[in-house]
Structure formats: C-alpha cells, structure tokens
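Coordinates as given in query_35.pdb (PDB, C-alpha atoms):
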ATOM      1  CA  MET A 449       2.464 -13.944  23.429
ATOM      2  CA  LYS A 450       0.399 -10.814  24.237
ATOM      3  CA  VAL A 451       3.605  -8.875  24.909
ATOM      4  CA  ARG A 452       4.953  -9.767  21.454
ATOM      5  CA  ILE A 453       1.744  -8.578  19.807
ATOM      6  CA  LEU A 454       1.821  -5.325  21.786
ATOM      7  CA  VAL A 455       5.411  -4.730  20.680
ATOM      8  CA  ALA A 456       4.773  -5.733  17.069
ATOM      9  CA  LEU A 457       1.697  -3.527  16.499
ATOM     10  CA  PRO A 458       3.457  -0.153  16.970
ATOM     11  CA  LEU A 459       6.341  -1.391  14.832
ATOM     12  CA  LEU A 460       3.977  -2.364  12.005
ATOM     13  CA  ALA A 461       2.165   0.971  12.306
ATOM     14  CA  ALA A 462       5.472   2.849  12.006
ATOM     15  CA  ILE A 463       6.460   0.877   8.911
ATOM     16  CA  ALA A 464       3.081   1.531   7.284
ATOM     17  CA  ALA A 465       3.282   5.253   8.076
ATOM     18  CA  SER A 466       6.725   5.612   6.527
ATOM     19  CA  ALA A 467       5.650   3.722   3.407
ATOM     20  CA  SER A 468       2.638   5.992   2.900
ATOM     21  CA  ALA A 469       4.707   9.143   3.486
ATOM     22  CA  HIS A 470       6.080   8.905  -0.058
ATOM     23  CA  HIS A 471       3.394  10.262  -2.355
ATOM     24  CA  SER A 472       1.737   8.213  -5.037
ATOM     25  CA  PHE A 473       1.606   9.089  -8.692
ATOM     26  CA  ALA A 474      -2.214   9.080  -8.636
ATOM     27  CA  MET A 475      -2.283  12.763  -9.625
ATOM     28  CA  PHE A 476      -0.880  11.880 -13.059
ATOM     29  CA  ASP A 477      -2.978  10.433 -15.876
ATOM     30  CA  ASN A 478      -0.915   7.358 -16.687
ATOM     31  CA  GLN A 479      -3.306   6.485 -19.526
ATOM     32  CA  LYS A 480      -2.314   9.639 -21.460
ATOM     33  CA  GLU A 481       0.949  10.720 -22.988
ATOM     34  CA  MET A 482       1.692  14.298 -24.000
ATOM     35  CA  THR A 483       4.650  15.734 -25.885
ATOM     36  CA  LEU A 484       5.834  19.233 -24.980
ATOM     37  CA  GLU A 485       8.291  21.322 -26.969
ATOM     38  CA  GLY A 486       9.887  24.299 -25.306
ATOM     39  CA  THR A 487      12.861  25.824 -23.546
ATOM     40  CA  ILE A 488      14.293  24.729 -20.198
ATOM     41  CA  LYS A 489      13.838  27.393 -17.543
ATOM     42  CA  GLU A 490      15.293  25.424 -14.636
ATOM     43  CA  PHE A 491      16.429  21.912 -13.725
ATOM     44  CA  GLN A 492      16.416  20.946 -10.049
ATOM     45  CA  TRP A 493      18.611  17.956  -9.176
ATOM     46  CA  THR A 494      17.067  17.367  -5.741
ATOM     47  CA  ASN A 495      15.821  14.509  -3.586
ATOM     48  CA  PRO A 496      13.425  12.847  -3.532
ATOM     49  CA  HIS A 497      12.598  13.777  -7.162
ATOM     50  CA  THR A 498      14.086  15.996  -9.837
ATOM     51  CA  TRP A 499      12.009  18.835 -11.262
ATOM     52  CA  THR A 500      12.250  20.368 -14.712
ATOM     53  CA  GLN A 501      10.624  23.709 -15.489
ATOM     54  CA  VAL A 502       9.869  24.037 -19.203
ATOM     55  CA  MET A 503       8.509  27.115 -20.959
ATOM     56  CA  VAL A 504       6.022  25.985 -23.622
ATOM     57  CA  LYS A 505       3.984  28.167 -25.985
ATOM     58  CA  ASP A 506       0.237  27.536 -25.820
ATOM     59  CA  ALA A 507      -2.173  27.753 -28.777
ATOM     60  CA  SER A 508      -2.284  31.563 -28.540
ATOM     61  CA  GLY A 509       1.522  31.858 -28.486
ATOM     62  CA  LYS A 510       1.698  32.741 -24.793
ATOM     63  CA  GLU A 511       4.505  31.041 -22.847
ATOM     64  CA  VAL A 512       3.307  28.736 -20.064
ATOM     65  CA  GLU A 513       5.602  27.242 -17.412
ATOM     66  CA  TRP A 514       5.243  23.472 -17.046
ATOM     67  CA  SER A 515       6.530  21.670 -13.920
ATOM     68  CA  ILE A 516       7.702  18.159 -14.721
ATOM     69  CA  GLU A 517       8.475  15.691 -11.929
ATOM     70  CA  GLY A 518      11.273  13.233 -12.673
ATOM     71  CA  GLY A 519      12.876  10.336 -10.900
ATOM     72  CA  SER A 520      15.322  10.546  -8.022
ATOM     73  CA  PRO A 521      18.849  11.760  -8.786
ATOM     74  CA  ASN A 522      20.123   8.341  -7.689
ATOM     75  CA  SER A 523      18.006   6.364 -10.151
ATOM     76  CA  LEU A 524      18.512   8.870 -12.967
ATOM     77  CA  SER A 525      22.296   8.852 -12.529
ATOM     78  CA  ARG A 526      22.231   5.061 -12.890
ATOM     79  CA  ASN A 527      20.540   5.672 -16.254
ATOM     80  CA  GLY A 528      23.204   8.029 -17.548
ATOM     81  CA  TRP A 529      21.915  11.363 -16.260
ATOM     82  CA  LYS A 530      24.129  14.026 -14.680
ATOM     83  CA  ARG A 531      23.373  17.162 -12.713
ATOM     84  CA  THR A 532      24.425  19.022 -15.873
ATOM     85  CA  SER A 533      22.389  16.973 -18.366
ATOM     86  CA  ILE A 534      19.782  19.729 -18.656
ATOM     87  CA  LYS A 535      20.579  23.444 -18.520
ATOM     88  CA  PRO A 536      18.524  26.640 -18.709
ATOM     89  CA  GLY A 537      18.105  27.704 -22.325
ATOM     90  CA  ASP A 538      18.266  24.164 -23.726
ATOM     91  CA  LYS A 539      15.629  23.365 -26.354
ATOM     92  CA  ALA A 540      13.636  20.372 -25.122
ATOM     93  CA  VAL A 541      11.121  17.814 -26.311
ATOM     94  CA  VAL A 542       9.511  16.232 -23.250
ATOM     95  CA  LEU A 543       7.229  13.190 -23.115
ATOM     96  CA  ILE A 544       5.057  13.183 -19.979
ATOM     97  CA  HIS A 545       2.021  11.710 -18.285
ATOM     98  CA  PRO A 546       0.041  14.929 -17.688
ATOM     99  CA  LEU A 547      -1.654  15.947 -14.462
ATOM    100  CA  LYS A 548      -5.260  14.751 -14.225
ATOM    101  CA  ASP A 549      -6.541  18.201 -13.260
ATOM    102  CA  GLY A 550      -5.254  19.755 -16.505
ATOM    103  CA  SER A 551      -2.800  22.141 -14.868
ATOM    104  CA  PRO A 552       0.585  22.524 -16.598
ATOM    105  CA  GLY A 553       2.591  19.691 -15.114
ATOM    106  CA  GLY A 554       3.302  16.016 -15.407
ATOM    107  CA  SER A 555       5.437  12.991 -14.736
ATOM    108  CA  LEU A 556       8.564  12.678 -16.890
ATOM    109  CA  MET A 557       8.712   9.744 -19.249
ATOM    110  CA  SER A 558      11.588  10.904 -21.476
ATOM    111  CA  ILE A 559      13.330  14.080 -22.556
ATOM    112  CA  SER A 560      15.569  15.165 -25.404
ATOM    113  CA  VAL A 561      17.580  18.360 -25.175
ATOM    114  CA  ASN A 562      19.092  20.036 -28.201
ATOM    115  CA  GLY A 563      18.197  16.932 -30.246
ATOM    116  CA  GLN A 564      19.854  14.403 -27.902
ATOM    117  CA  LYS A 565      17.925  11.993 -25.676
ATOM    118  CA  VAL A 566      18.929  12.226 -22.021
ATOM    119  CA  GLY A 567      19.461   8.898 -20.215
ATOM    120  CA  GLY A 568      16.956   6.069 -20.305
ATOM    121  CA  GLN A 569      13.265   6.085 -19.510
ATOM    122  CA  ARG A 570      12.125   6.219 -15.919
TER     123      ARG A 570
END

Kindly return the structure encoded in the file as structure tokens.
Amino acid sequence: MKVRILVALPLLAAIAASASAHHSFAMFDNQKEMTLEGTIKEFQWTNPHTWTQVMVKDASGKEVEWSIEGGSPNSLSRNGWKRTSIKPGDKAVVLIHPLKDGSPGGSLMSISVNGQKVGGQR
C-alpha cells in the first residue's frame, strides 16, 4: 500500500503542475466589457492563443496599439474562423474584457471586420 502511495504522489504532482502551467484569465476584468474601434495591425494565428493587434485612437487622437488575446486556433476554427479571417488594414470593432491594470489589452469576446462578424463568441 505504501508503495502505491509513493508512486501515486509524484504522478499527482506532475498532473497538477501541467494543469497550472496554462495561465488563468485573472488578469482580465471579466466584469467589464469595452468596445474598441480601429484598424488591424497584425493577426497572429498561433498556439496556444491567437493575438490581434489593433490600432485605436485615444481621446487626444493619438493611435494606441491594443493587444487582444483570443482563443486557440483549434477552437476558433471550429467556430468558423480561418487564418485569413482578419488581415492587416481591416477596419475592426472589437468587444473585449479589458486588462485589470488599465494597459491597452484584453480578452477577445467578439470581433467584426469591415462590418462582418467573425465566427462565434469565445
């Protein structure tokens, strides 16, 4: 019985470590929603999460680059997304949960490019 416990403990520790390796979404304020309007600078179709860089004008008219974290390419493709769904220069309206610290970034909720909604919600 002691041998089984000694074998099981490292296995459980390894499982717990791999589960915690994937970051949480605690950095995003899931109680707030923010709508951004701007121009796509870059769309990164990469694992484990996609990233969309959007240039948005602030109150003074200065362009600010926002970094928006999306879902995995696998889950997004199951919701109708393609690697080519978003391209640099596209006009975008992006709904996000903003970062809690107020820096220009957030978690993607939905996006429309050139007036057309892309895929389903994450």

Practice prompt. Return the single residue from A:Ile516, A:His497, A:Pro521, A:Lys539 that is closest to Gly554 in chain A, with distances computed using all atoms listed in the file.
Written response: A:Ile516

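Across the chains present, the PyMOL selection byres ((chain A and resi 499) around 7) applied to this file returns A:Phe491, A:Gln492, A:Trp493, A:His497, A:Thr498, A:Thr500, A:Gln501, A:Ser515, A:Ile516, A:Glu517, A:Gly518.
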
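Proximity ranking of A:Gly553, A:Pro536, A:Gly563, A:Pro546 relative to Thr487 in chain A places A:Pro536 first, based on only C-alpha atoms.
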
Worksheet item: Taking into account all atoms listed in the file, which residue in the set A:Asn562, A:Met475, A:Val502, A:Asn527 is nearest to Asp549 in chain A?
Response: A:Met475

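With CA of Lys530 in chain A on one side and CA of Gly486 in chain A on the other, the separation reads 20.5 Å.
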
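Reported to one decimal place, the separation of CA of Ala474 in chain A from CA of Thr494 in chain A is 21.2 Å.
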
Worksheet item: Rounded to one decimal in Å, what is the spacing between CA of Gly567 in chain A and CA of Thr483 in chain A?
Response: 17.3 Å

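Comparing the minimum interatomic distances between Leu543 in chain A and each of A:Trp529, A:Pro496, A:Met503, A:Ser560, counting only C-alpha atoms, we find that A:Ser560 sits nearest.
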
Fill in: Answer key for the PyMOL selection byres ((chain A and resi 478) around 12), residues as a list in words
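On this input, the PyMOL selection byres ((chain A and resi 478) around 12) captures Ser472, Phe473, Ala474, Met475, Phe476, Asp477, Gln479, Lys480, Glu481, Met482, Leu543, Ile544, His545, Pro546, Leu547, Lys548, Gly554, Ser555, Leu556 and Met557 of chain A.
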